[in-house]
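Have a look at final07.cif below; it lists mmCIF, C-alpha atoms.
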data_target
#
loop_
_atom_site.label_atom_id
_atom_site.label_comp_id
_atom_site.auth_asym_id
_atom_site.auth_seq_id
_atom_site.Cartn_x
_atom_site.Cartn_y
_atom_site.Cartn_z
CA MET A 115 4.37 3.52 26.64
CA ILE A 116 5.44 4.05 23.05
CA GLY A 117 6.77 7.38 21.83
CA ILE A 118 6.36 8.11 18.12
CA VAL A 119 9.01 10.37 16.67
CA ASN A 120 7.07 13.22 15.11
CA TYR A 121 9.31 14.71 12.45
CA GLY A 122 6.80 15.32 9.68
CA ALA A 123 7.72 12.48 7.34
CA GLY A 124 4.47 11.00 6.23
CA ASN A 125 1.18 10.01 7.67
CA ILE A 126 1.05 8.31 11.05
CA PHE A 127 -2.72 7.97 11.30
CA SER A 128 -2.63 4.27 10.34
CA LEU A 129 0.10 3.57 12.87
CA THR A 130 -1.68 5.33 15.74
CA SER A 131 -4.93 3.62 14.74
CA ALA A 132 -3.25 0.22 14.93
CA LEU A 133 -1.82 1.02 18.36
CA GLU A 134 -5.26 2.15 19.52
CA ARG A 135 -6.84 -1.09 18.28
CA LEU A 136 -4.21 -2.99 20.24
CA ASN A 137 -4.69 -0.88 23.37
CA ILE A 138 -1.02 0.07 23.31
CA PRO A 139 -0.65 3.54 24.81
CA PHE A 140 1.46 6.02 22.87
CA GLY A 141 2.45 9.66 22.68
CA MET A 142 4.48 11.94 20.44
CA VAL A 143 8.16 12.75 20.59
CA ASN A 144 8.85 16.29 19.47
CA THR A 145 11.87 17.19 21.55
CA GLU A 146 14.84 15.48 23.13
CA ALA A 147 13.18 15.71 26.56
CA ASP A 148 10.16 13.79 25.21
CA LEU A 149 12.37 10.75 24.57
CA ASP A 150 12.61 10.23 28.35
CA LYS A 151 8.84 9.98 28.72
CA TYR A 152 8.54 6.68 26.88
CA THR A 153 9.82 3.13 27.29
CA HIS A 154 9.77 2.32 23.58
CA ILE A 155 10.32 4.55 20.54
CA ILE A 156 8.93 4.16 17.02
CA ILE A 157 10.39 6.05 14.06
CA PRO A 158 7.76 6.01 11.30
CA GLY A 159 8.26 7.28 7.79
CA VAL A 160 7.05 7.16 4.25
CA GLY A 161 8.26 8.96 1.19
CA HIS A 162 11.78 10.02 0.32
CA ALA A 163 14.58 8.79 2.63
CA GLY A 164 16.89 11.72 1.89
CA ALA A 165 14.12 14.22 2.58
CA ALA A 166 13.08 12.31 5.72
CA MET A 167 16.65 12.42 7.03
CA GLY A 168 16.73 16.16 6.40
CA LYS A 169 13.55 16.60 8.43
CA LEU A 170 14.82 14.41 11.24
CA GLU A 171 18.04 16.43 11.42
CA GLN A 172 16.03 19.64 11.73
CA THR A 173 14.36 18.31 14.89
CA GLY A 174 17.76 17.90 16.53
CA LEU A 175 16.81 14.36 17.54
CA VAL A 176 19.48 12.43 15.64
CA ALA A 177 22.15 12.40 18.36
CA PRO A 178 19.68 11.72 21.21
CA ILE A 179 18.11 8.85 19.23
CA LYS A 180 21.54 7.33 18.57
CA ALA A 181 22.26 7.43 22.30
CA LEU A 182 19.06 5.59 23.26
CA LYS A 183 19.30 2.32 25.17
CA LYS A 184 15.58 1.55 25.07
CA PRO A 185 13.93 -0.43 22.26
CA VAL A 186 13.60 1.60 19.03
CA LEU A 187 11.65 0.45 15.98
CA GLY A 188 12.05 2.07 12.58
CA ILE A 189 9.24 1.35 10.12
CA CYS A 190 9.77 1.52 6.33
CA VAL A 191 11.66 4.77 5.69
CA GLY A 192 12.07 4.92 9.47
CA MET A 193 14.08 1.70 9.16
CA GLN A 194 16.14 3.11 6.31
CA LEU A 195 17.05 6.07 8.52
CA LEU A 196 18.85 3.61 10.82
CA THR A 197 21.22 2.59 8.03
CA GLU A 198 24.50 4.10 6.98
CA HIS A 199 23.49 5.58 3.65
CA SER A 200 20.60 5.64 1.18
CA GLU A 201 20.79 5.79 -2.58
CA GLU A 202 17.54 7.76 -2.41
CA GLY A 203 18.84 11.30 -2.57
CA ASN A 204 22.38 9.90 -2.11
CA ALA A 205 22.05 10.80 1.55
CA ASP A 206 23.85 9.80 4.71
CA MET A 207 21.52 8.25 7.25
CA MET A 208 21.93 7.91 11.04
CA ASN A 209 24.43 5.06 10.68
CA ILE A 210 23.15 3.06 13.61
CA VAL A 211 23.06 -0.18 11.61
CA PRO A 212 26.06 -0.23 9.24
CA VAL A 213 24.26 -1.41 6.10
CA LYS A 214 23.22 0.44 2.96
CA THR A 215 19.81 1.30 1.52
CA ARG A 216 19.76 0.65 -2.22
CA LEU A 217 17.40 1.07 -5.16
CA PHE A 218 15.83 -2.10 -6.56
CA ASP A 219 17.26 -3.01 -9.93
CA LYS A 220 14.58 -3.05 -12.62
CA ASN A 221 16.93 -5.00 -14.86
CA GLN A 222 16.16 -8.01 -12.70
CA GLY A 223 12.73 -8.16 -14.27
CA ILE A 224 10.91 -6.83 -11.23
CA LYS A 225 8.40 -4.04 -10.96
CA ILE A 226 9.22 -1.07 -8.82
CA PRO A 227 7.83 -0.20 -6.27
CA HIS A 228 7.84 -3.59 -4.56
CA MET A 229 4.19 -3.38 -3.62
CA GLY A 230 2.06 -5.97 -1.93
CA TRP A 231 2.27 -8.99 0.31
CA ASN A 232 5.50 -10.92 0.45
CA ASN A 233 6.59 -13.66 2.81
CA ILE A 234 9.48 -13.31 5.16
CA ASP A 235 11.91 -15.83 6.48
CA HIS A 236 12.49 -14.79 10.06
CA LYS A 237 15.05 -15.91 12.55
CA ASN A 238 12.92 -16.34 15.68
CA ASN A 239 13.77 -12.92 17.00
CA SER A 240 11.47 -11.87 19.86
CA LEU A 241 10.00 -9.26 17.52
CA PHE A 242 8.46 -12.16 15.58
CA GLU A 243 7.27 -14.19 18.53
CA GLY A 244 4.07 -16.02 17.64
CA VAL A 245 4.46 -15.16 13.95
CA GLU A 246 4.69 -18.28 11.83
CA ASN A 247 7.71 -18.34 9.55
CA LEU A 248 7.05 -17.34 5.91
CA THR A 249 4.04 -15.27 6.94
CA GLN A 250 3.27 -12.48 4.49
CA PHE A 251 3.60 -8.83 5.34
CA TYR A 252 2.64 -5.74 3.37
CA PHE A 253 5.49 -3.94 1.63
CA VAL A 254 5.54 -0.79 -0.42
CA HIS A 255 8.97 0.58 -1.23
CA SER A 256 11.42 1.19 -4.06
CA TYR A 257 14.59 1.12 -1.94
CA PHE A 258 15.68 -1.84 0.16
CA ILE A 259 18.21 -2.66 2.83
CA GLU A 260 20.99 -4.89 1.64
CA TYR A 261 21.13 -8.32 3.20
CA ASN A 262 23.77 -8.60 5.91
CA PRO A 263 23.76 -11.77 8.03
CA THR A 264 25.00 -9.91 11.11
CA PHE A 265 21.97 -7.64 11.37
CA ASP A 266 19.30 -9.47 9.38
CA ILE A 267 16.45 -10.89 11.50
CA ALA A 268 14.04 -11.48 8.61
CA THR A 269 14.71 -11.86 4.91
CA ALA A 270 12.39 -11.29 1.98
CA ASN A 271 13.03 -11.96 -1.66
CA TYR A 272 12.35 -9.58 -4.51
CA GLY A 273 14.70 -10.05 -7.42
CA LYS A 274 17.19 -11.02 -4.74
CA PRO A 275 17.16 -11.44 -0.97
CA PHE A 276 17.00 -8.28 1.10
CA SER A 277 16.45 -7.49 4.77
CA ALA A 278 12.78 -7.28 5.71
CA ALA A 279 13.88 -6.66 9.29
CA VAL A 280 17.15 -5.84 11.00
CA GLN A 281 18.38 -5.53 14.55
CA LYS A 282 21.44 -4.08 16.18
CA ASP A 283 21.36 -4.01 19.98
CA ASN A 284 18.20 -2.13 20.99
CA PHE A 285 17.54 -0.85 17.47
CA TYR A 286 15.05 -2.69 15.26
CA GLY A 287 13.85 -1.91 11.78
CA VAL A 288 11.13 -3.39 9.58
CA GLN A 289 10.77 -2.61 5.90
CA PHE A 290 7.13 -3.73 5.71
CA HIS A 291 4.22 -1.91 7.32
CA PRO A 292 3.10 -3.81 10.43
CA GLU A 293 0.15 -1.44 10.77
CA LYS A 294 -1.10 -2.67 7.36
CA SER A 295 -0.06 -6.30 7.60
CA GLY A 296 -3.18 -7.83 9.10
CA ILE A 297 -3.03 -9.89 12.25
CA ALA A 298 0.67 -10.74 11.87
CA GLY A 299 1.55 -7.05 11.74
CA GLU A 300 -0.51 -6.34 14.82
CA ARG A 301 1.27 -9.16 16.62
CA LEU A 302 4.62 -7.63 15.72
CA LEU A 303 3.62 -4.25 17.14
CA LYS A 304 2.44 -5.97 20.30
CA ASN A 305 5.74 -7.88 20.51
CA PHE A 306 7.70 -4.67 20.13
CA SER A 307 5.73 -3.01 22.91
CA ASN A 308 6.58 -5.98 25.13
CA LEU A 309 10.34 -5.94 24.47
CA LYS A 310 12.35 -5.60 27.66
CA GLN A 311 14.46 -2.52 28.15
CA MET B 133 7.45 -14.54 -3.28
CA LEU B 134 5.27 -11.54 -3.94
CA SER B 135 1.59 -12.52 -3.93
CA LYS B 136 -0.95 -11.62 -6.56
CA ARG B 137 -3.45 -9.33 -4.91
CA ILE B 138 -7.24 -9.65 -4.79
CA ILE B 139 -8.94 -6.30 -4.43
CA PRO B 140 -12.65 -5.73 -3.82
CA CYS B 141 -13.83 -2.32 -4.99
CA LEU B 142 -16.52 -0.42 -3.12
CA ASP B 143 -18.47 2.53 -4.44
CA VAL B 144 -19.21 5.10 -1.79
CA LYS B 145 -21.45 8.13 -1.83
CA ASP B 146 -21.79 10.64 1.00
CA GLY B 147 -19.76 8.32 3.20
CA ARG B 148 -22.01 5.33 2.56
CA THR B 149 -21.50 2.23 0.44
CA VAL B 150 -23.75 2.12 -2.60
CA LYS B 151 -24.64 -0.67 -5.03
CA GLY B 152 -26.16 -3.76 -3.60
CA VAL B 153 -24.01 -5.63 -1.22
CA ASN B 154 -25.27 -8.97 -0.09
CA PHE B 155 -23.38 -10.31 2.88
CA VAL B 156 -25.38 -12.54 5.13
CA ASP B 157 -23.96 -11.42 8.41
CA LEU B 158 -23.73 -7.74 7.67
CA LYS B 159 -25.72 -5.53 9.99
CA ASP B 160 -25.52 -2.48 7.79
CA ALA B 161 -24.59 -3.04 4.16
CA GLY B 162 -24.18 0.69 3.68
CA ASP B 163 -21.51 1.03 6.30
CA PRO B 164 -18.13 1.12 4.56
CA VAL B 165 -16.30 0.42 7.80
CA GLU B 166 -18.14 -2.78 8.57
CA LEU B 167 -17.90 -3.92 4.97
CA ALA B 168 -14.20 -3.17 4.79
CA TRP B 169 -13.61 -5.08 7.99
CA GLN B 170 -15.53 -8.08 6.65
CA TYR B 171 -13.41 -8.10 3.50
CA ALA B 172 -10.24 -7.93 5.52
CA GLN B 173 -11.45 -10.90 7.57
CA GLN B 174 -12.16 -12.84 4.36
CA GLY B 175 -8.61 -12.33 3.18
CA ALA B 176 -8.87 -9.42 0.76
CA ASP B 177 -5.35 -8.08 0.21
CA GLU B 178 -6.32 -4.50 -0.29
CA LEU B 179 -9.46 -2.43 -0.86
CA VAL B 180 -10.36 0.32 -3.28
CA PHE B 181 -13.02 2.87 -2.40
CA LEU B 182 -14.39 4.82 -5.29
CA ASP B 183 -16.01 8.00 -4.06
CA ILE B 184 -18.77 8.89 -6.46
CA THR B 185 -19.87 11.89 -4.40
CA ALA B 186 -16.92 13.86 -5.57
CA THR B 187 -18.38 17.32 -5.18
CA HIS B 188 -16.38 19.76 -3.22
CA GLU B 189 -18.73 20.59 -0.38
CA ARG B 190 -19.17 16.93 0.48
CA ARG B 191 -15.48 16.06 0.69
CA GLY B 192 -15.67 16.39 4.46
CA THR B 193 -17.91 13.33 4.68
CA THR B 194 -15.44 11.34 2.65
CA ILE B 195 -12.56 12.37 4.89
CA GLU B 196 -14.50 11.22 7.94
CA MET B 197 -15.25 7.92 6.24
CA VAL B 198 -11.59 7.40 5.33
CA LYS B 199 -10.62 8.03 8.94
CA SER B 200 -13.19 5.56 10.22
CA VAL B 201 -11.97 2.93 7.77
CA ALA B 202 -8.32 3.53 8.67
CA ARG B 203 -9.10 3.20 12.37
CA GLN B 204 -10.54 -0.28 11.87
CA LEU B 205 -8.76 -1.74 8.87
CA ASN B 206 -5.46 -3.61 9.12
CA ILE B 207 -4.85 -3.91 5.38
CA PRO B 208 -4.04 -1.16 2.88
CA PHE B 209 -6.66 0.78 0.98
CA THR B 210 -6.91 3.22 -1.89
CA ILE B 211 -9.40 5.99 -2.35
CA GLY B 212 -10.34 7.49 -5.69
CA GLY B 213 -12.86 9.94 -7.06
CA GLY B 214 -12.80 13.69 -7.29
CA ILE B 215 -9.18 14.22 -6.37
CA THR B 216 -7.91 17.16 -8.38
CA THR B 217 -5.41 18.92 -6.15
CA ILE B 218 -2.45 18.22 -3.90
CA ALA B 219 -4.57 19.45 -0.98
CA ASP B 220 -7.30 16.87 -1.72
CA ALA B 221 -4.71 14.12 -1.75
CA GLU B 222 -2.94 15.32 1.35
CA ALA B 223 -6.18 15.39 3.35
CA LEU B 224 -6.80 11.76 2.37
CA LEU B 225 -3.24 10.70 3.14
CA ASN B 226 -3.44 12.32 6.57
CA SER B 227 -6.70 10.50 7.18
CA GLY B 228 -5.03 7.14 6.72
CA ALA B 229 -5.45 6.33 3.01
CA ASP B 230 -2.46 4.37 1.68
CA LYS B 231 -2.94 5.38 -1.92
CA ILE B 232 -5.08 7.70 -3.95
CA SER B 233 -6.37 6.98 -7.39
CA ILE B 234 -6.75 9.66 -10.02
CA ASN B 235 -8.43 9.29 -13.37
CA SER B 236 -9.93 12.18 -15.33
CA ALA B 237 -8.03 14.79 -13.30
CA ALA B 238 -4.79 13.21 -14.54
CA VAL B 239 -5.97 13.22 -18.16
CA ARG B 240 -6.97 16.87 -17.92
CA ASN B 241 -3.82 17.82 -16.03
CA PRO B 242 -1.04 15.24 -16.43
CA LYS B 243 1.25 17.38 -14.28
CA LEU B 244 -0.91 16.37 -11.31
CA ILE B 245 0.69 12.92 -11.44
CA GLU B 246 4.13 14.47 -11.26
CA ASP B 247 3.18 16.86 -8.47
CA LEU B 248 1.59 14.11 -6.38
CA ALA B 249 4.54 11.77 -6.86
CA LYS B 250 6.94 14.50 -5.84
CA ALA B 251 4.93 15.48 -2.79
CA PHE B 252 4.06 12.04 -1.46
CA GLY B 253 6.11 9.45 -3.35
CA VAL B 254 5.18 7.33 -6.36
CA GLN B 255 3.81 4.56 -4.13
CA PHE B 256 0.93 6.86 -3.21
CA VAL B 257 -0.22 7.56 -6.77
CA VAL B 258 -2.46 5.13 -8.63
CA VAL B 259 -3.50 6.23 -12.09
CA ALA B 260 -6.85 4.70 -13.04
CA VAL B 261 -7.47 4.33 -16.75
CA ASP B 262 -10.83 3.47 -18.32
CA THR B 263 -10.35 2.05 -21.78
CA LYS B 264 -12.71 1.18 -24.61
CA LEU B 265 -12.08 -0.21 -28.06
CA VAL B 266 -12.96 2.28 -30.80
CA ASP B 267 -12.28 1.37 -34.44
CA GLY B 268 -9.80 -1.24 -33.35
CA LYS B 269 -7.90 1.10 -31.06
CA ASN B 270 -7.91 1.16 -27.28
CA MET B 271 -8.83 4.70 -26.34
CA VAL B 272 -8.88 6.34 -22.92
CA HIS B 273 -12.40 7.27 -21.83
CA LEU B 274 -13.68 9.48 -19.05
CA ASN B 275 -16.95 9.66 -17.12
CA GLY B 276 -17.38 5.93 -16.83
CA GLY B 277 -16.80 5.33 -20.51
CA ARG B 278 -19.16 7.99 -21.82
CA LEU B 279 -16.56 10.49 -22.92
CA ILE B 280 -13.84 9.55 -25.37
CA THR B 281 -10.48 11.30 -25.28
CA GLU B 282 -7.82 11.62 -27.93
CA LEU B 283 -5.44 9.47 -25.95
CA GLU B 284 -4.54 5.96 -26.95
CA THR B 285 -4.59 3.80 -23.85
CA GLU B 286 -1.12 2.28 -24.13
CA ASP B 287 0.50 5.66 -24.87
CA TRP B 288 -1.25 7.30 -21.96
CA ILE B 289 -0.17 4.57 -19.57
CA LEU B 290 3.47 4.93 -20.65
CA LYS B 291 3.20 8.65 -20.10
CA ALA B 292 1.59 8.20 -16.68
CA GLU B 293 4.43 5.91 -15.65
CA SER B 294 7.06 8.39 -16.81
CA LEU B 295 5.31 11.18 -14.88
CA GLY B 296 5.44 9.24 -11.64
CA ALA B 297 2.47 6.89 -11.37
CA GLY B 298 3.23 4.11 -8.90
CA GLU B 299 0.57 1.77 -10.15
CA ILE B 300 -1.97 1.49 -12.98
CA LEU B 301 -5.58 0.46 -12.44
CA LEU B 302 -6.78 -0.51 -15.89
CA THR B 303 -10.51 -1.00 -16.43
CA SER B 304 -11.79 -2.28 -19.72
CA MET B 305 -15.17 -0.65 -20.25
CA ASP B 306 -15.94 -3.23 -22.94
CA HIS B 307 -15.57 -6.01 -20.41
CA ASP B 308 -16.85 -4.20 -17.31
CA GLY B 309 -20.21 -5.56 -16.19
CA THR B 310 -20.20 -8.40 -18.74
CA LYS B 311 -18.83 -11.03 -16.35
CA ASN B 312 -17.15 -12.59 -19.39
CA GLY B 313 -13.59 -12.25 -18.15
CA PHE B 314 -10.83 -9.68 -18.11
CA ASP B 315 -9.30 -8.17 -21.25
CA CYS B 316 -6.25 -10.39 -21.06
CA SER B 317 -4.61 -9.37 -24.32
CA LEU B 318 -4.58 -5.66 -23.51
CA LEU B 319 -3.65 -6.25 -19.87
CA ASP B 320 -0.71 -8.38 -20.87
CA LYS B 321 0.56 -5.82 -23.37
CA VAL B 322 0.30 -3.07 -20.78
CA ALA B 323 1.85 -5.09 -17.96
CA ARG B 324 4.82 -5.92 -20.18
CA SER B 325 5.31 -2.37 -21.40
CA ILE B 326 5.72 -0.75 -18.00
CA ASN B 327 7.74 -1.34 -14.88
CA ILE B 328 5.12 -0.51 -12.24
CA PRO B 329 2.36 -2.80 -10.93
CA VAL B 330 -0.88 -3.19 -12.88
CA ILE B 331 -4.32 -3.91 -11.42
CA ALA B 332 -6.71 -5.68 -13.80
CA SER B 333 -10.31 -4.54 -13.69
CA GLY B 334 -13.50 -5.14 -15.61
CA GLY B 335 -15.16 -8.42 -16.53
CA ALA B 336 -14.67 -10.72 -13.56
CA GLY B 337 -17.53 -13.22 -13.40
CA LYS B 338 -16.04 -16.54 -12.44
CA VAL B 339 -13.08 -17.93 -10.56
CA GLU B 340 -11.57 -19.02 -13.90
CA HIS B 341 -11.36 -15.40 -15.00
CA PHE B 342 -8.99 -14.64 -12.14
CA THR B 343 -6.92 -17.73 -12.85
CA GLU B 344 -6.76 -16.73 -16.50
CA VAL B 345 -5.71 -13.14 -15.89
CA PHE B 346 -2.88 -14.21 -13.57
CA LEU B 347 -1.67 -17.08 -15.74
CA GLU B 348 -1.93 -15.32 -19.08
CA THR B 349 -0.86 -11.80 -18.22
CA GLY B 350 1.76 -10.09 -16.13
CA VAL B 351 -0.71 -8.19 -13.94
CA ASP B 352 -0.07 -7.92 -10.22
CA ALA B 353 -3.59 -7.67 -8.90
CA ALA B 354 -7.19 -8.16 -9.92
CA LEU B 355 -10.06 -5.95 -8.85
CA ALA B 356 -13.77 -6.73 -8.88
CA ALA B 357 -16.94 -5.47 -7.29
CA SER B 358 -20.18 -7.36 -7.75
CA VAL B 359 -18.81 -10.92 -7.68
CA PHE B 360 -17.47 -10.18 -4.23
CA HIS B 361 -20.32 -8.03 -2.95
CA PHE B 362 -22.95 -10.61 -3.81
CA GLY B 363 -20.92 -13.45 -2.42
CA GLU B 364 -20.79 -15.10 -5.86
CA ILE B 365 -17.09 -15.66 -5.38
CA PRO B 366 -16.01 -15.98 -1.76
CA ILE B 367 -12.45 -14.69 -1.43
CA PRO B 368 -11.08 -17.66 0.57
CA TYR B 369 -12.38 -20.05 -2.11
CA LEU B 370 -10.97 -17.88 -4.90
CA LYS B 371 -7.56 -17.84 -3.29
CA SER B 372 -7.50 -21.58 -2.71
CA GLU B 373 -8.33 -22.11 -6.39
CA LEU B 374 -5.58 -19.71 -7.47
CA LYS B 375 -3.15 -21.57 -5.27
CA LYS B 376 -4.04 -24.83 -7.00
CA HIS B 377 -2.72 -23.22 -10.18
CA ASN B 378 0.49 -22.25 -8.40
CA ILE B 379 -0.43 -18.60 -8.45
CA PRO B 380 1.16 -17.02 -5.36
CA VAL B 381 -1.53 -15.76 -3.01
CA ARG B 382 -1.77 -14.76 0.61
CA LEU B 383 -3.83 -17.31 2.49
#

What does the file become when written as structure tokens?
Amino acid sequence: MIGIVNYGAGNIFSLTSALERLNIPFGMVNTEADLDKYTHIIIPGVGHAGAAMGKLEQTGLVAPIKALKKPVLGICVGMQLLTEHSEEGNADMMNIVPVKTRLFDKNQGIKIPHMGWNNIDHKNNSLFEGVENLTQFYFVHSYFIEYNPTFDIATANYGKPFSAAVQKDNFYGVQFHPEKSGIAGERLLKNFSNLKQ
Amino acid sequence: MLSKRIIPCLDVKDGRTVKGVNFVDLKDAGDPVELAWQYAQQGADELVFLDITATHERRGTTIEMVKSVARQLNIPFTIGGGITTIADAEALLNSGADKISINSAAVRNPKLIEDLAKAFGVQFVVVAVDTKLVDGKNMVHLNGGRLITELETEDWILKAESLGAGEILLTSMDHDGTKNGFDCSLLDKVARSINIPVIASGGAGKVEHFTEVFLETGVDAALAASVFHFGEIPIPYLKSELKKHNIPVRL
């Protein structure tokens, strides 16, 4: 069963709706003790990464999340929280995956936010099982996670390559919104729920 | 590569779809949920719901509709119409809307753009602009083109961007309903002048109009209503034609 970290950063209605459509059971994580109730943990998030980190710290869940050995998936800002630092609010993140979250550079002739469907080049990680390479996912973000070959499990290109998905041990992060990415996104959520402990 | 988006627009009133919709296999053409689902199946990249109810006491119906859509839909959607406060927007966000679109409320109170962007992030705030040519100048209009404002369209869009709009939905009232094509010259000027995505709207009648707007302007998405609702342009066909012109689309 999936536990969704409930720290007040953005709307989770779309995420819970997607899980319901997929018949994946879920519940909410409000306290450290709640983390034990679930086999898989999702950290959602939209909005400002610095503000989101502040809210997550207030819940007291940062240290317990870092200590988890079960599969954890950060979505969008939830993924950025896994990184070392974000330029959004110049804030330190959880530093689970030692990469940085940076602002897209408008001088590269790109519009910001990066909004819409973009294809990803994935590296056959089990998270992407059954997802054809170069499938498009729905992105909406102004900050991105720098490409690092050690942790990158899917790359997208916007001005330059960045990490659409990362993994370090049991921690996974996706920059796109699987709950809004059609059938491919639903498959990814299903794959995550099937990841072994 | 980032795809150009195709966005059907649905008018809703009291939680029901209005304007004729002519899908063969639709059980209830007035049901926004079923319609939205059909569009998602066809390959629409995103949907816009324009709530023309927009009176306060009926907002509850709209919220319920947004929730029902969000439960079923696996692509993003925007809702516009009658949003004048942070509380209105928050209720929609919490019901599963990905973006909200504001139009006259932003003209009357530009600070609303700033407040919404601060509260929910720029990606949540679409500023819809209805424009009409008056004495050779593109002027912002309200109330579906009936009420002229003192704002020049390009100036207003620049201001909206600086206040925190995450996207511009630009409808040419001169082209809307004509089916003679989008206003490519204005759309291109606007798309070049700002650094946020632009959705082209007004005038779509044929597949060529979509090809034209993507090849000749820097817009990121194209929105239409009747050509999709009446099945005049099936979305899979439209996308395959765009692809033939090397326009990046999601197939």

With the PyMOL selection byres ((chain B and resi 302) around 7) as the selection, what would be picked from this file? Answer as a PDB file with C-alpha atoms, keeping the file's coordinate frame, please.
ATOM      1  CA  ALA B 260      -6.850   4.700 -13.040  1.00  0.00           C
ATOM      2  CA  VAL B 261      -7.470   4.330 -16.750  1.00  0.00           C
ATOM      3  CA  ASP B 262     -10.830   3.470 -18.320  1.00  0.00           C
ATOM      4  CA  ILE B 300      -1.970   1.490 -12.980  1.00  0.00           C
ATOM      5  CA  LEU B 301      -5.580   0.460 -12.440  1.00  0.00           C
ATOM      6  CA  THR B 303     -10.510  -1.000 -16.430  1.00  0.00           C
ATOM      7  CA  SER B 304     -11.790  -2.280 -19.720  1.00  0.00           C
ATOM      8  CA  ILE B 331      -4.320  -3.910 -11.420  1.00  0.00           C
ATOM      9  CA  ALA B 332      -6.710  -5.680 -13.800  1.00  0.00           C
ATOM     10  CA  SER B 333     -10.310  -4.540 -13.690  1.00  0.00           C
TER      11      SER B 333
END

Please provide as a VMD selection string all residues within 12 Å of Ile210 of chain A, with the sequence filter that same-chain residues fewer than 6 positions apart are discarded (counting only C-alpha atoms).
-> chain A and resid 176 to 177 179 to 182 186 188 192 to 199 265 280 to 287

Counting only C-alpha atoms, the residue of B:Thr263, B:Thr217, B:Thr185, B:Ser233 that sits nearest Glu284 of chain B |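 Smallest distance to Glu284 of chain B is found for B:Thr263.
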
Give as a list in words the set of residues within 10 Å of the point (-8.8, 11.8, 1.8), where distances use the file's coordinates and all atoms listed in the file.
->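 The requested residues, written out, are Arg191, Gly192, Thr193, Thr194, Ile195, Glu196, Met197, Val198, Lys199, Thr210, Ile211, Gly212, Gly213, Ile215, Ala219, Asp220, Ala221, Glu222, Ala223, Leu224, Leu225, Asn226, Ser227, Gly228, Ala229, Asp230, Lys231 and Ile232 of chain B.
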
Exactly which residues make up the result of the PyMOL selection byres ((chain B) within 10 of (chain A)) on this file, given as a ChimeraX atom specification?
-> /B:133-137,172-173,175,177-178,199-209,222,224-230,249-256,298-299,323,326-330,352-353,380-383

Identify all residues satisfying the PyMOL selection byres ((chain B and resi 314-320) around 8) in the given file; provide them as a PDB file with C-alpha atoms, in the frame of the given file.
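Dumped everything to selection_27.pdb:
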ATOM      1  CA  LEU B 302      -6.780  -0.510 -15.890  1.00  0.00           C
ATOM      2  CA  SER B 304     -11.790  -2.280 -19.720  1.00  0.00           C
ATOM      3  CA  HIS B 307     -15.570  -6.010 -20.410  1.00  0.00           C
ATOM      4  CA  ASN B 312     -17.150 -12.590 -19.390  1.00  0.00           C
ATOM      5  CA  GLY B 313     -13.590 -12.250 -18.150  1.00  0.00           C
ATOM      6  CA  LYS B 321       0.560  -5.820 -23.370  1.00  0.00           C
ATOM      7  CA  VAL B 322       0.300  -3.070 -20.780  1.00  0.00           C
ATOM      8  CA  ALA B 323       1.850  -5.090 -17.960  1.00  0.00           C
ATOM      9  CA  ARG B 324       4.820  -5.920 -20.180  1.00  0.00           C
ATOM     10  CA  ALA B 332      -6.710  -5.680 -13.800  1.00  0.00           C
ATOM     11  CA  SER B 333     -10.310  -4.540 -13.690  1.00  0.00           C
ATOM     12  CA  GLY B 334     -13.500  -5.140 -15.610  1.00  0.00           C
ATOM     13  CA  GLY B 335     -15.160  -8.420 -16.530  1.00  0.00           C
ATOM     14  CA  ALA B 336     -14.670 -10.720 -13.560  1.00  0.00           C
ATOM     15  CA  HIS B 341     -11.360 -15.400 -15.000  1.00  0.00           C
ATOM     16  CA  PHE B 342      -8.990 -14.640 -12.140  1.00  0.00           C
ATOM     17  CA  GLU B 344      -6.760 -16.730 -16.500  1.00  0.00           C
ATOM     18  CA  VAL B 345      -5.710 -13.140 -15.890  1.00  0.00           C
ATOM     19  CA  GLU B 348      -1.930 -15.320 -19.080  1.00  0.00           C
ATOM     20  CA  THR B 349      -0.860 -11.800 -18.220  1.00  0.00           C
ATOM     21  CA  GLY B 350       1.760 -10.090 -16.130  1.00  0.00           C
ATOM     22  CA  VAL B 351      -0.710  -8.190 -13.940  1.00  0.00           C
TER      23      VAL B 351
END

Computed interatomic separation between atom CA of Ala237 of chain B and atom CA of Asp163 of chain B (Å) =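 A separation of 27.5 Å between them.
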
How many Å separate atom CA of Asp146 of chain B from atom CA of Phe362 of chain B?
->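 Atom CA of Asp146 of chain B sits 21.8 Å away from atom CA of Phe362 of chain B.
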
Could you state the separation of atom CA of Pro164 of chain B and atom CA of Ala356 of chain B in Å, given to one decimal place?
->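 Atom-to-atom, atom CA of Pro164 of chain B and atom CA of Ala356 of chain B are spaced 16.2 Å apart.
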
With a distance cut-off of 8 Å and all atoms listed in the file, select the neighbouring residues of Val245 of chain A, excluding the residue or stretch itself and same-chain residues fewer than 2 positions from it, and output the selection as a list of chain:residue names.
->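 Neighbouring residues, sequence-local ones excluded: A:Phe242, A:Glu243, A:Asn247, A:Thr249, A:Ala298, A:Arg301, A:Leu302.
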
Kindly extract all protein, DNA and RNA residues lying within 12 Å of the coordinates (7.7, 14.1, 11.7) given in the file, considering only C-alpha atoms, and supply them as a ChimeraX atom specification.
-> /A:118-126,142-145,156-161,165-175,191-192

Who sits within 6 Å of Ile267 of chain A, all atoms listed in the file, same chain under 3 positions skipped, as a PyMOL selection string | chain A and resi 236-237+279-280
